[in-house]
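So this block is query-v2.txt, compact mmCIF, C-alpha atoms (C1' of nucleotides):
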```
# COMPACT_ATOMS: atom_id res chain seq x y z
CA MET A 2 -93.81 -80.65 24.36
CA ARG A 3 -91.53 -83.59 24.98
CA LEU A 4 -87.87 -83.71 25.81
CA SER A 5 -85.73 -85.72 23.49
CA THR A 6 -84.00 -88.84 24.74
CA ARG A 7 -80.75 -86.89 24.95
CA GLY A 8 -82.14 -84.78 27.76
CA GLN A 9 -83.61 -87.76 29.56
CA TYR A 10 -80.56 -89.99 29.23
CA GLY A 11 -78.33 -87.05 30.00
CA LEU A 12 -79.99 -86.27 33.29
CA ARG A 13 -80.07 -89.90 34.32
CA ALA A 14 -76.38 -90.22 33.60
CA MET A 15 -75.63 -87.01 35.46
CA CYS A 16 -77.46 -88.41 38.47
CA VAL A 17 -75.16 -91.40 38.43
CA LEU A 18 -72.18 -89.06 38.47
CA GLY A 19 -73.87 -87.09 41.22
CA ILE A 20 -74.18 -90.17 43.38
CA LYS A 21 -70.57 -91.09 42.76
CA TYR A 22 -69.29 -87.55 43.17
CA GLY A 23 -65.89 -87.60 44.85
CA GLU A 24 -65.09 -91.13 43.74
CA GLY A 25 -62.93 -90.10 40.82
CA ASN A 26 -63.50 -90.93 37.19
CA ILE A 27 -66.47 -93.03 36.20
CA PRO A 28 -66.26 -94.78 32.83
CA LEU A 29 -69.26 -94.46 30.54
CA ARG A 30 -69.32 -98.22 30.16
CA LEU A 31 -70.58 -98.42 33.75
CA ILE A 32 -73.35 -95.89 33.23
CA ALA A 33 -74.32 -97.42 29.91
CA ASP A 34 -74.80 -100.82 31.52
CA GLN A 35 -76.52 -99.56 34.62
CA GLU A 36 -78.93 -97.27 32.80
CA ASN A 37 -79.25 -99.43 29.73
CA ILE A 38 -78.18 -96.80 27.26
CA SER A 39 -76.04 -97.39 24.18
CA LEU A 40 -72.42 -96.59 24.98
CA GLN A 41 -71.85 -94.77 21.73
CA TYR A 42 -74.91 -92.64 22.17
CA LEU A 43 -73.78 -91.77 25.69
CA GLU A 44 -70.41 -90.75 24.32
CA GLN A 45 -72.12 -88.25 22.05
CA ILE A 46 -74.11 -86.86 24.93
CA PHE A 47 -71.09 -86.54 27.18
CA ARG A 48 -69.15 -84.78 24.49
CA GLN A 49 -71.75 -82.04 24.71
CA LEU A 50 -71.76 -82.02 28.48
CA ARG A 51 -68.00 -81.71 28.56
CA ARG A 52 -67.91 -78.84 26.07
CA ALA A 53 -70.53 -77.10 28.18
CA GLY A 54 -68.25 -77.44 31.18
CA LEU A 55 -70.58 -79.59 33.26
CA VAL A 56 -68.28 -82.61 33.39
CA GLU A 57 -64.57 -83.20 33.07
CA SER A 58 -62.94 -86.18 31.45
CA ALA A 59 -59.81 -88.26 31.64
CA ARG A 60 -58.75 -90.45 28.75
CA GLY A 61 -57.03 -93.76 28.73
CA ALA A 62 -57.21 -96.64 31.15
CA LYS A 63 -58.82 -95.68 34.47
CA GLY A 64 -60.27 -92.74 32.63
CA GLY A 65 -63.84 -91.60 32.64
CA TYR A 66 -65.97 -88.63 33.60
CA HIS A 67 -66.73 -86.75 36.78
CA LEU A 68 -68.83 -83.70 37.56
CA ALA A 69 -67.00 -80.44 37.03
CA ARG A 70 -68.47 -79.06 40.26
CA ASP A 71 -70.49 -80.03 43.28
CA PRO A 72 -73.87 -81.59 42.47
CA VAL A 73 -75.65 -78.86 44.41
CA ASP A 74 -74.21 -76.33 41.99
CA ILE A 75 -75.53 -78.04 38.88
CA THR A 76 -79.20 -77.55 38.06
CA VAL A 77 -81.45 -79.62 35.88
CA GLY A 78 -81.76 -76.48 33.77
CA ASP A 79 -78.02 -76.56 33.10
CA VAL A 80 -78.26 -80.09 31.77
CA VAL A 81 -81.42 -79.50 29.75
CA ARG A 82 -80.15 -76.32 28.13
CA THR A 83 -76.95 -78.09 27.15
CA LEU A 84 -78.66 -81.06 25.56
CA GLU A 85 -81.92 -79.57 24.31
CA GLY A 86 -81.03 -76.00 23.52
CA PRO A 87 -82.70 -72.89 24.92
CA ILE A 88 -85.75 -73.42 27.09
CA ALA A 89 -88.35 -71.85 24.84
CA PRO A 90 -91.77 -73.19 23.89
CA VAL A 91 -91.75 -71.18 20.67
CA GLU A 92 -88.95 -70.01 18.42
CA CYS A 93 -89.51 -66.31 18.98
CA LEU A 94 -88.69 -66.72 22.69
CA SER A 95 -85.43 -68.57 22.19
CA GLY A 96 -83.30 -65.45 22.37
CA GLY A 97 -81.58 -64.53 19.15
CA GLU A 98 -83.81 -62.56 16.87
CA GLU A 99 -86.96 -60.87 18.02
CA CYS A 100 -90.30 -61.45 16.38
CA SER A 101 -91.40 -58.52 14.27
CA ARG A 102 -95.03 -59.02 15.19
CA GLN A 103 -94.39 -58.85 18.94
CA ASP A 104 -96.77 -55.99 19.50
CA GLU A 105 -99.83 -57.40 17.77
CA CYS A 106 -99.15 -60.94 18.87
CA LEU A 107 -101.77 -61.92 21.42
CA THR A 108 -100.33 -65.35 22.04
CA ARG A 109 -96.86 -64.17 22.98
CA GLU A 110 -97.82 -63.53 26.58
CA ALA A 111 -99.08 -67.07 27.05
CA TRP A 112 -95.89 -68.58 25.70
CA TYR A 113 -93.78 -66.17 27.69
CA ARG A 114 -95.44 -67.15 30.94
CA LEU A 115 -95.06 -70.81 30.08
CA GLN A 116 -91.39 -70.22 29.42
CA GLN A 117 -90.87 -68.51 32.77
CA SER A 118 -92.57 -71.37 34.59
CA MET A 119 -90.42 -73.90 32.86
CA LYS A 120 -87.23 -72.02 33.61
CA GLU A 121 -88.13 -71.61 37.27
CA ALA A 122 -88.91 -75.29 37.63
CA LEU A 123 -85.76 -76.50 35.88
CA ASP A 124 -83.40 -74.00 37.46
CA GLY A 125 -84.84 -74.69 40.89
CA ILE A 126 -83.78 -78.31 41.08
CA THR A 127 -80.17 -79.35 41.49
CA LEU A 128 -78.46 -82.67 40.96
CA GLY A 129 -77.61 -82.60 44.64
CA TYR A 130 -81.29 -82.54 45.48
CA LEU A 131 -82.19 -85.36 43.11
CA CYS A 132 -79.40 -87.51 44.55
CA ARG A 133 -80.07 -86.62 48.18
CA GLY A 134 -79.55 -89.48 50.61
CA LYS A 135 -78.04 -91.68 47.98
CA PRO A 136 -74.34 -90.79 48.20
CA ALA A 137 -74.03 -91.56 51.93
CA ASP A 138 -75.51 -95.01 51.51
CA GLN A 139 -73.31 -95.77 48.58
CA ARG A 140 -70.24 -94.55 50.43
CA ARG A 141 -71.03 -96.57 53.54
CA ASP A 142 -71.29 -99.69 51.47
CA LYS A 143 -68.04 -98.89 49.82
CA GLU A 144 -66.21 -98.28 53.08
CA LYS A 145 -67.48 -101.54 54.46
CA LYS A 146 -66.11 -103.35 51.47
CA HIS A 147 -62.75 -101.69 51.90
CA GLU A 148 -62.65 -102.53 55.57
CA SER A 149 -63.53 -106.16 55.10
CA ARG A 150 -60.91 -106.50 52.43
CA ARG A 151 -58.06 -105.06 54.38
CA MET B 19 -89.11 -78.48 24.25
CA ARG B 20 -90.90 -76.71 21.44
CA LEU B 21 -94.53 -76.64 20.54
CA SER B 22 -95.37 -77.69 17.02
CA THR B 23 -96.86 -75.20 14.60
CA ARG B 24 -100.26 -76.77 15.16
CA GLY B 25 -100.30 -75.50 18.71
CA GLN B 26 -99.03 -72.09 17.76
CA TYR B 27 -101.33 -71.61 14.77
CA GLY B 28 -104.19 -73.07 16.75
CA LEU B 29 -103.89 -70.62 19.59
CA ARG B 30 -103.51 -67.69 17.22
CA ALA B 31 -106.64 -68.75 15.38
CA MET B 32 -108.53 -69.25 18.61
CA CYS B 33 -107.59 -65.71 19.62
CA VAL B 34 -109.17 -64.44 16.44
CA LEU B 35 -112.36 -66.30 17.32
CA GLY B 36 -112.07 -64.93 20.83
CA ILE B 37 -111.95 -61.37 19.56
CA LYS B 38 -114.92 -61.99 17.31
CA TYR B 39 -116.87 -63.93 19.92
CA GLY B 40 -120.56 -63.15 19.57
CA GLU B 41 -120.31 -62.15 15.92
CA GLY B 42 -121.53 -65.47 14.57
CA ASN B 43 -119.62 -67.79 12.29
CA ILE B 44 -116.17 -66.83 11.10
CA PRO B 45 -114.93 -68.54 7.96
CA LEU B 46 -111.45 -70.02 8.07
CA ARG B 47 -110.58 -68.14 4.91
CA LEU B 48 -110.60 -64.95 6.96
CA ILE B 49 -108.31 -66.34 9.65
CA ALA B 50 -106.03 -67.91 7.10
CA ASP B 51 -105.53 -64.58 5.34
CA GLN B 52 -105.21 -62.53 8.49
CA GLU B 53 -102.76 -64.87 10.20
CA ASN B 54 -101.04 -65.99 7.05
CA ILE B 55 -101.69 -69.68 7.55
CA SER B 56 -102.53 -72.20 4.82
CA LEU B 57 -106.29 -72.67 4.64
CA GLN B 58 -106.06 -76.42 4.32
CA TYR B 59 -103.74 -76.74 7.24
CA LEU B 60 -106.11 -74.61 9.31
CA GLU B 61 -108.97 -76.91 8.35
CA GLN B 62 -107.05 -79.85 9.77
CA ILE B 63 -106.41 -77.98 12.97
CA PHE B 64 -110.03 -76.93 13.35
CA ARG B 65 -111.25 -80.45 12.80
CA GLN B 66 -109.37 -81.38 15.95
CA LEU B 67 -110.63 -78.37 17.83
CA ARG B 68 -114.20 -79.18 16.85
CA ARG B 69 -113.94 -82.81 17.88
CA ALA B 70 -112.54 -81.67 21.20
CA GLY B 71 -115.60 -79.48 21.66
CA LEU B 72 -113.75 -76.19 21.75
CA VAL B 73 -115.39 -74.76 18.64
CA GLU B 74 -118.61 -75.34 16.75
CA SER B 75 -119.03 -75.22 13.02
CA ALA B 76 -121.66 -74.40 10.42
CA ARG B 77 -121.34 -75.63 6.87
CA GLY B 78 -122.37 -74.00 3.66
CA ALA B 79 -122.50 -70.38 2.66
CA LYS B 80 -122.25 -68.04 5.65
CA GLY B 81 -120.77 -70.95 7.49
CA GLY B 82 -117.66 -70.98 9.60
CA TYR B 83 -116.53 -71.54 13.15
CA HIS B 84 -117.23 -69.95 16.50
CA LEU B 85 -116.10 -70.70 20.02
CA ALA B 86 -118.19 -73.32 21.76
CA ARG B 87 -118.18 -71.28 24.97
CA ASP B 88 -117.15 -67.95 26.37
CA PRO B 89 -113.46 -67.09 25.85
CA VAL B 90 -112.96 -66.78 29.59
CA ASP B 91 -113.94 -70.43 29.91
CA ILE B 92 -111.34 -71.69 27.46
CA THR B 93 -107.77 -71.98 28.67
CA VAL B 94 -104.59 -72.11 26.68
CA GLY B 95 -104.16 -75.53 28.24
CA ASP B 96 -107.38 -76.71 26.58
CA VAL B 97 -106.06 -75.70 23.18
CA VAL B 98 -102.58 -77.07 23.70
CA ARG B 99 -103.77 -80.41 25.00
CA THR B 100 -106.08 -80.76 22.04
CA LEU B 101 -103.44 -80.01 19.44
CA GLU B 102 -100.28 -81.27 21.10
CA GLY B 103 -101.45 -84.13 23.27
CA PRO B 104 -100.95 -84.50 27.01
CA ILE B 105 -98.76 -81.92 28.69
CA ALA B 106 -95.89 -84.14 29.70
CA PRO B 107 -92.18 -83.52 29.30
CA VAL B 108 -91.48 -87.25 29.29
CA GLU B 109 -93.50 -90.22 28.17
CA CYS B 110 -93.85 -91.80 31.59
CA LEU B 111 -95.77 -88.76 32.83
CA SER B 112 -98.29 -88.67 30.02
CA GLY B 113 -100.87 -90.71 31.89
CA GLY B 114 -101.53 -94.13 30.40
CA GLU B 115 -99.06 -96.66 31.61
CA GLU B 116 -96.84 -96.15 34.60
CA CYS B 117 -93.11 -96.53 34.44
CA SER B 118 -91.90 -99.71 36.10
CA ARG B 119 -88.76 -98.04 37.38
CA GLN B 120 -90.64 -95.25 39.18
CA ASP B 121 -89.14 -96.02 42.56
CA GLU B 122 -85.49 -96.05 41.59
CA CYS B 123 -85.85 -93.25 39.07
CA LEU B 124 -84.12 -90.19 40.46
CA THR B 125 -85.06 -87.98 37.55
CA ARG B 126 -88.77 -88.53 37.79
CA GLU B 127 -89.24 -85.85 40.41
CA ALA B 128 -87.58 -83.22 38.24
CA TRP B 129 -89.80 -83.99 35.28
CA TYR B 130 -92.85 -84.17 37.49
CA ARG B 131 -92.23 -80.72 38.89
CA LEU B 132 -91.64 -79.37 35.41
CA GLN B 133 -94.92 -80.89 34.32
CA GLN B 134 -96.82 -79.29 37.17
CA SER B 135 -95.34 -75.90 36.38
CA MET B 136 -96.31 -76.20 32.77
CA LYS B 137 -99.84 -77.25 33.58
CA GLU B 138 -100.31 -74.41 36.02
CA ALA B 139 -99.07 -71.88 33.52
CA LEU B 140 -101.16 -73.13 30.63
CA ASP B 141 -104.32 -73.73 32.61
CA GLY B 142 -104.02 -70.34 34.26
CA ILE B 143 -104.42 -68.29 31.10
CA THR B 144 -107.72 -68.02 29.26
CA LEU B 145 -108.52 -66.84 25.77
CA GLY B 146 -110.55 -64.10 27.37
CA TYR B 147 -107.45 -62.80 29.08
CA LEU B 148 -105.33 -62.92 25.95
CA CYS B 149 -107.99 -61.03 24.00
CA ARG B 150 -108.76 -58.50 26.71
CA GLY B 151 -109.58 -55.04 25.42
CA LYS B 152 -109.53 -56.13 21.81
CA PRO B 153 -113.18 -56.98 21.11
CA ALA B 154 -114.49 -53.48 21.85
CA ASP B 155 -111.96 -51.82 19.53
CA GLN B 156 -112.61 -54.20 16.72
CA ARG B 157 -116.30 -53.73 17.01
CA ARG B 158 -116.02 -49.95 16.93
CA ASP B 159 -113.96 -50.13 13.75
CA LYS B 160 -116.45 -52.43 12.18
CA GLU B 161 -119.39 -50.20 12.95
CA LYS B 162 -117.55 -47.20 11.55
CA LYS B 163 -116.96 -48.97 8.27
CA HIS B 164 -120.59 -49.93 7.99
CA GLU B 165 -121.69 -46.36 8.69
CA SER B 166 -119.33 -44.77 6.20
CA ARG B 167 -120.31 -47.15 3.47
CA ARG B 168 -124.01 -46.72 3.76
C1' DC C 24 -128.60 -73.43 -9.35
C1' DC C 25 -124.19 -71.73 -7.62
C1' DA C 26 -120.91 -69.98 -4.70
C1' DA C 27 -119.10 -70.37 -0.26
C1' DT C 28 -117.94 -73.10 3.20
C1' DC C 29 -116.94 -77.20 5.97
C1' DC C 30 -115.54 -82.19 5.74
C1' DT C 31 -112.72 -86.25 4.52
C1' DT C 32 -109.14 -89.16 2.80
C1' DA C 33 -105.02 -89.64 0.85
C1' DC C 34 -100.67 -88.31 -0.17
C1' DC C 35 -96.05 -85.86 -0.28
C1' DT C 36 -91.46 -84.04 1.28
C1' DC C 37 -87.99 -82.92 4.23
C1' DA C 38 -85.73 -82.38 8.73
C1' DT C 39 -84.71 -84.44 12.80
C1' DA C 40 -84.44 -87.81 16.44
C1' DG C 41 -82.10 -91.49 17.66
C1' DG C 42 -78.98 -93.82 16.99
C1' DT C 43 -74.55 -96.91 14.68
C1' DC C 44 -69.80 -97.52 12.76
C1' DG C 45 -64.91 -97.45 12.39
C1' DG C 46 -61.14 -95.87 13.91
C1' DA C 47 -57.69 -92.52 16.13
C1' DA C 48 -55.55 -90.64 20.43
C1' DT C 49 -54.39 -91.18 25.16
C1' DT C 50 -53.14 -93.39 29.44
C1' DA C 51 -52.43 -96.85 33.49
C1' DT C 52 -50.52 -100.93 34.35
C1' DA C 53 -48.50 -105.65 33.75
C1' DT D 9 -43.05 -101.71 25.77
C1' DA D 10 -47.21 -104.02 24.74
C1' DT D 11 -51.92 -104.09 25.83
C1' DA D 12 -56.32 -103.09 27.43
C1' DA D 13 -59.33 -99.53 28.70
C1' DT D 14 -60.99 -95.55 27.83
C1' DT D 15 -62.20 -90.91 25.64
C1' DC D 16 -62.60 -88.50 21.21
C1' DC D 17 -64.20 -87.68 16.46
C1' DG D 18 -66.49 -87.49 11.98
C1' DA D 19 -69.35 -89.80 9.03
C1' DC D 20 -73.18 -92.33 8.21
C1' DC D 21 -77.83 -94.59 8.52
C1' DT D 22 -82.94 -95.16 9.17
C1' DA D 23 -87.59 -94.50 10.72
C1' DT D 24 -90.71 -91.18 12.18
C1' DG D 25 -93.24 -87.13 12.39
C1' DA D 26 -93.81 -82.30 11.29
C1' DG D 27 -95.74 -79.55 8.18
C1' DG D 28 -98.01 -79.33 4.90
C1' DT D 29 -100.85 -80.25 -0.36
C1' DA D 30 -104.37 -82.12 -3.36
C1' DA D 31 -108.77 -83.45 -4.91
C1' DG D 32 -113.08 -83.85 -4.31
C1' DG D 33 -117.59 -84.61 -1.63
C1' DA D 34 -121.40 -82.68 1.45
C1' DT D 35 -124.09 -78.82 2.99
C1' DT D 36 -126.29 -74.49 2.97
C1' DG D 37 -127.74 -69.35 1.99
C1' DG D 38 -129.09 -66.40 -1.50
```

Mind converting the file's structure to structure tokens?
Amino acid sequence: MRLSTRGQYGLRAMCVLGIKYGEGNIPLRLIADQENISLQYLEQIFRQLRRAGLVESARGAKGGYHLARDPVDITVGDVVRTLEGPIAPVECLSGGEECSRQDECLTREAWYRLQQSMKEALDGITLGYLCRGKPADQRRDKEKKHESRR
Amino acid sequence: MRLSTRGQYGLRAMCVLGIKYGEGNIPLRLIADQENISLQYLEQIFRQLRRAGLVESARGAKGGYHLARDPVDITVGDVVRTLEGPIAPVECLSGGEECSRQDECLTREAWYRLQQSMKEALDGITLGYLCRGKPADQRRDKEKKHESRR
DNA sequence: CCAATCCTTACCTCATAGGTCGGAATTATA
DNA sequence: TATAATTCCGACCTATGAGGTAAGGATTGG
């Protein structure tokens, strides 16, 4: 019952974008260094996130990624489903085809309840919540720098 | 976020024992046939369940397995933890060693909440509940067969 | 004694996780 | 316009673990 590293890295990276939301494009190089994740692996992960519509990208110099919408409108469930597939503890609950033994299956109810709990937990937490407090601090620091420079 | 087949097969098999609770030893051969699981794979699974104290065994002819305690005192969580290891979506929540980056880690809270949800769900369902209603029916059928044969 | 059953160790095979590699396409800026 | 910084892409690699099999020993009821 473990997440893969894609899900873990993915959420960490999305938190970084959440903190820097509104600051334009963030290059993966930055996230890779900060979070100590291989750049090329991150690229793979972000390809998925982009196709899922959670982030938007800009190529070329000064390019990078930014969240496609406000952090409070992106849930952990969004990220996990994108990188780990459907939230389902057993195959027969992953949508798609139904199990033919549904009726006799005594264990189905247990897995179904587990699934509901997991969904509720993951869909009930947003990036905005995880990053709460952080953006302001960051931004203050940044403004200070700007001021002292000019 | 999937369970392995060990967990799934294990719970199904435990349900069979739950239904037949009080009927003495049940040989794995029976469960293997009924649930369409390889006998040798089931043996592996039951070795773990026995060591964890969830079932008791008797060797030799008329041997087999039975639940170590009443089905209502065995939770799905007991079975899953035995066969799948600690219920933890990420390594750093699986007990043992603490993560050194706990404080800065923004994602930890999300995984922690997920973990709690999963635990609550799994520990809140007992074998007795999953098997409710079944034992009586089974037993009636069995008695009928005996009567009609003799 | 023998058939049924659990018990144990060892082994096998394949899919997947968890990446790496090399290069092409795009863009800001000097 | 050259160059450096970036995203984008497909192919590839490797170790690990899932999901079993195999062969035989130990124990027990009839």

Go through C:DC35, C:DC29, C:DC24, C:DA48 one by one, measure the shortest atom-to-atom distance of each to D:DG27 using only C-alpha atoms (C1' of nucleotides), and give the residue with the smallest value. C:DC35

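Distances to chain B were evaluated for A:Asp34, A:Glu92, A:Glu44, A:Glu24 using only C-alpha atoms, and the minimum falls at A:Glu92.
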
Restrict the distance test to all atoms listed in the file, flag each residue of chain D within 12 Å of chain A, and return the flagged residues as a VMD selection string. chain D and resid 11 to 18

Using all C-alpha atoms paired in order, least-squares fit chain A onto chain B and give me the moved copy as a short mmCIF file (atom, residue, chain, number, x, y, z; two decimals) with C-alpha atoms, in the frame of the given file.
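File selection-v9.cif, as written:
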```cif
data_model
loop_
_atom_site.label_atom_id
_atom_site.label_comp_id
_atom_site.auth_asym_id
_atom_site.auth_seq_id
_atom_site.Cartn_x
_atom_site.Cartn_y
_atom_site.Cartn_z
CA MET A 2 -89.08 -78.89 24.28
CA ARG A 3 -90.81 -77.14 21.43
CA LEU A 4 -94.45 -76.99 20.50
CA SER A 5 -95.30 -78.14 17.04
CA THR A 6 -96.69 -75.68 14.52
CA ARG A 7 -100.15 -77.11 15.12
CA GLY A 8 -100.17 -75.73 18.64
CA GLN A 9 -98.78 -72.39 17.57
CA TYR A 10 -101.07 -71.93 14.57
CA GLY A 11 -103.96 -73.27 16.58
CA LEU A 12 -103.62 -70.73 19.34
CA ARG A 13 -103.15 -67.88 16.91
CA ALA A 14 -106.28 -68.90 15.07
CA MET A 15 -108.20 -69.25 18.31
CA CYS A 16 -107.18 -65.72 19.22
CA VAL A 17 -108.71 -64.49 16.00
CA LEU A 18 -111.95 -66.22 16.92
CA GLY A 19 -111.64 -64.77 20.40
CA ILE A 20 -111.43 -61.26 19.03
CA LYS A 21 -114.40 -61.85 16.78
CA TYR A 22 -116.42 -63.67 19.42
CA GLY A 23 -120.09 -62.81 19.04
CA GLU A 24 -119.79 -61.92 15.38
CA GLY A 25 -121.07 -65.23 14.10
CA ASN A 26 -119.23 -67.66 11.88
CA ILE A 27 -115.75 -66.84 10.70
CA PRO A 28 -114.53 -68.68 7.60
CA LEU A 29 -111.09 -70.24 7.78
CA ARG A 30 -110.17 -68.48 4.56
CA LEU A 31 -110.09 -65.22 6.53
CA ILE A 32 -107.86 -66.59 9.27
CA ALA A 33 -105.61 -68.31 6.77
CA ASP A 34 -105.00 -65.05 4.93
CA GLN A 35 -104.63 -62.92 8.01
CA GLU A 36 -102.27 -65.27 9.81
CA ASN A 37 -100.58 -66.56 6.70
CA ILE A 38 -101.31 -70.20 7.30
CA SER A 39 -102.21 -72.75 4.64
CA LEU A 40 -105.98 -73.12 4.46
CA GLN A 41 -105.84 -76.88 4.19
CA TYR A 42 -103.56 -77.19 7.16
CA LEU A 43 -105.89 -74.96 9.17
CA GLU A 44 -108.79 -77.19 8.21
CA GLN A 45 -106.98 -80.15 9.74
CA ILE A 46 -106.31 -78.22 12.90
CA PHE A 47 -109.89 -77.04 13.23
CA ARG A 48 -111.19 -80.53 12.72
CA GLN A 49 -109.39 -81.43 15.93
CA LEU A 50 -110.57 -78.35 17.74
CA ARG A 51 -114.15 -79.06 16.77
CA ARG A 52 -114.01 -82.69 17.89
CA ALA A 53 -112.59 -81.49 21.19
CA GLY A 54 -115.59 -79.21 21.57
CA LEU A 55 -113.66 -75.95 21.60
CA VAL A 56 -115.24 -74.56 18.44
CA GLU A 57 -118.46 -75.10 16.56
CA SER A 58 -118.88 -75.06 12.82
CA ALA A 59 -121.43 -74.28 10.17
CA ARG A 60 -121.07 -75.62 6.66
CA GLY A 61 -122.00 -74.10 3.38
CA ALA A 62 -122.03 -70.51 2.26
CA LYS A 63 -121.78 -68.05 5.16
CA GLY A 64 -120.43 -70.93 7.16
CA GLY A 65 -117.35 -70.97 9.29
CA TYR A 66 -116.26 -71.46 12.87
CA HIS A 67 -116.93 -69.76 16.17
CA LEU A 68 -115.83 -70.45 19.72
CA ALA A 69 -118.00 -72.97 21.51
CA ARG A 70 -117.93 -70.84 24.66
CA ASP A 71 -116.82 -67.50 25.99
CA PRO A 72 -113.12 -66.76 25.47
CA VAL A 73 -112.62 -66.38 29.21
CA ASP A 74 -113.69 -69.99 29.63
CA ILE A 75 -111.15 -71.38 27.20
CA THR A 76 -107.58 -71.73 28.44
CA VAL A 77 -104.39 -72.02 26.47
CA GLY A 78 -104.06 -75.42 28.12
CA ASP A 79 -107.30 -76.53 26.48
CA VAL A 80 -105.96 -75.65 23.06
CA VAL A 81 -102.51 -77.11 23.63
CA ARG A 82 -103.80 -80.39 25.02
CA THR A 83 -106.11 -80.75 22.04
CA LEU A 84 -103.44 -80.15 19.44
CA GLU A 85 -100.31 -81.46 21.15
CA GLY A 86 -101.59 -84.21 23.38
CA PRO A 87 -101.10 -84.49 27.13
CA ILE A 88 -98.85 -81.93 28.76
CA ALA A 89 -96.04 -84.21 29.83
CA PRO A 90 -92.30 -83.70 29.44
CA VAL A 91 -91.70 -87.44 29.53
CA GLU A 92 -93.81 -90.39 28.47
CA CYS A 93 -94.20 -91.87 31.93
CA LEU A 94 -96.05 -88.73 33.09
CA SER A 95 -98.56 -88.66 30.26
CA GLY A 96 -101.21 -90.57 32.16
CA GLY A 97 -101.97 -93.99 30.80
CA GLU A 98 -99.57 -96.58 32.06
CA GLU A 99 -97.34 -96.05 35.04
CA CYS A 100 -93.61 -96.54 34.91
CA SER A 101 -92.50 -99.69 36.65
CA ARG A 102 -89.32 -98.07 37.90
CA GLN A 103 -91.13 -95.20 39.61
CA ASP A 104 -89.67 -95.92 43.00
CA GLU A 105 -86.00 -96.07 42.05
CA CYS A 106 -86.28 -93.33 39.47
CA LEU A 107 -84.46 -90.28 40.77
CA THR A 108 -85.32 -88.12 37.80
CA ARG A 109 -89.07 -88.56 38.04
CA GLU A 110 -89.44 -85.80 40.60
CA ALA A 111 -87.72 -83.27 38.37
CA TRP A 112 -89.96 -84.07 35.43
CA TYR A 113 -93.02 -84.10 37.63
CA ARG A 114 -92.31 -80.63 38.94
CA LEU A 115 -91.67 -79.39 35.43
CA GLN A 116 -94.98 -80.85 34.36
CA GLN A 117 -96.86 -79.13 37.17
CA SER A 118 -95.30 -75.79 36.29
CA MET A 119 -96.24 -76.17 32.68
CA LYS A 120 -99.81 -77.10 33.50
CA GLU A 121 -100.22 -74.18 35.88
CA ALA A 122 -98.88 -71.74 33.32
CA LEU A 123 -101.01 -73.03 30.45
CA ASP A 124 -104.19 -73.48 32.44
CA GLY A 125 -103.80 -70.06 34.00
CA ILE A 126 -104.13 -68.09 30.79
CA THR A 127 -107.41 -67.77 28.93
CA LEU A 128 -108.17 -66.66 25.41
CA GLY A 129 -110.14 -63.82 26.94
CA TYR A 130 -107.00 -62.57 28.62
CA LEU A 131 -104.86 -62.82 25.50
CA CYS A 132 -107.48 -60.91 23.50
CA ARG A 133 -108.18 -58.31 26.18
CA GLY A 134 -108.86 -54.84 24.84
CA LYS A 135 -109.00 -56.03 21.29
CA PRO A 136 -112.68 -56.94 20.88
CA ALA A 137 -113.99 -53.51 21.93
CA ASP A 138 -111.81 -51.72 19.42
CA GLN A 139 -112.77 -54.07 16.67
CA ARG A 140 -116.45 -53.72 17.51
CA ARG A 141 -116.30 -49.93 17.62
CA ASP A 142 -114.78 -49.87 14.19
CA LYS A 143 -117.44 -52.20 12.96
CA GLU A 144 -120.29 -50.15 14.40
CA LYS A 145 -118.90 -47.03 12.83
CA LYS A 146 -118.87 -48.71 9.47
CA HIS A 147 -122.45 -49.81 9.90
CA GLU A 148 -123.54 -46.36 10.94
CA SER A 149 -121.86 -44.61 8.06
CA ARG A 150 -123.38 -47.04 5.63
CA ARG A 151 -126.92 -46.69 6.77
#
```

Give the residues of chain C that lie within 7 Å of chain A; count only C-alpha atoms (C1' of nucleotides), and format the answer as a ChimeraX atom specification. /C:42,49-51

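Using only C-alpha atoms, the smallest distance between any of B:Val108, B:Gly114, B:Gly28, B:Gly146 and chain A comes from B:Val108.
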
Could you list, with a cut-off of 6 Å and counting all atoms listed in the file, the residues of chain A near chain B, each shown with its nearest atom pair and the distance in Å rounded to one decimal, rows sorted by chain and ascending number, as a tab-separated table?
```
residue	atom	partner	partner_atom	distance
A:Met2	CA	B:Met19	CA	5.2
A:Arg3	CA	B:Pro107	CA	4.4
A:Leu4	CA	B:Pro107	CA	5.5
A:Pro90	CA	B:Arg20	CA	4.4
A:Val91	CA	B:Arg20	CA	5.6
A:Leu107	CA	B:Leu148	CA	5.8
A:Leu115	CA	B:Ala139	CA	5.4
A:Ser118	CA	B:Ser135	CA	5.6
A:Ala122	CA	B:Leu132	CA	5.4
A:Leu131	CA	B:Leu124	CA	5.8
```

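Every protein, DNA or RNA residue with an atom at most 12 Å from C:DA38, where all atoms listed in the file count and chain neighbours fewer than 6 positions away do not, is listed here: D:DT24, D:DG25, D:DA26, D:DG27.
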
Could you please determine the separation between atom CA of B:Leu101 and atom CA of B:Val73 in Å, to one decimal place?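 Answer for the atom CA of B:Leu101 to atom CA of B:Val73 separation: 13.1 Å.
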
Please identify all polymer residues within 12 Å of D:DA19, counting all atoms listed in the file, omitting same-chain residues fewer than 5 positions from it, and present them as an MDAnalysis selection string. chainID C and resid 43:46

State, in Å with one decimal place, the distance from atom CA of B:Asn43 to atom CA of B:Asp91. 18.7 Å

Atom CA of B:Gly36 to atom CA of A:Gln103, straight-line distance in Å: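 Straight-line distance from atom CA of A:Gln103 to atom CA of B:Gly36 works out to 18.8 Å.
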
Skip B:Thr100 itself and residues of its chain fewer than 4 positions away, then list as a ChimeraX atom specification all residues within 7 Å of it, counting all atoms listed in the file. /B:66-67,70,96
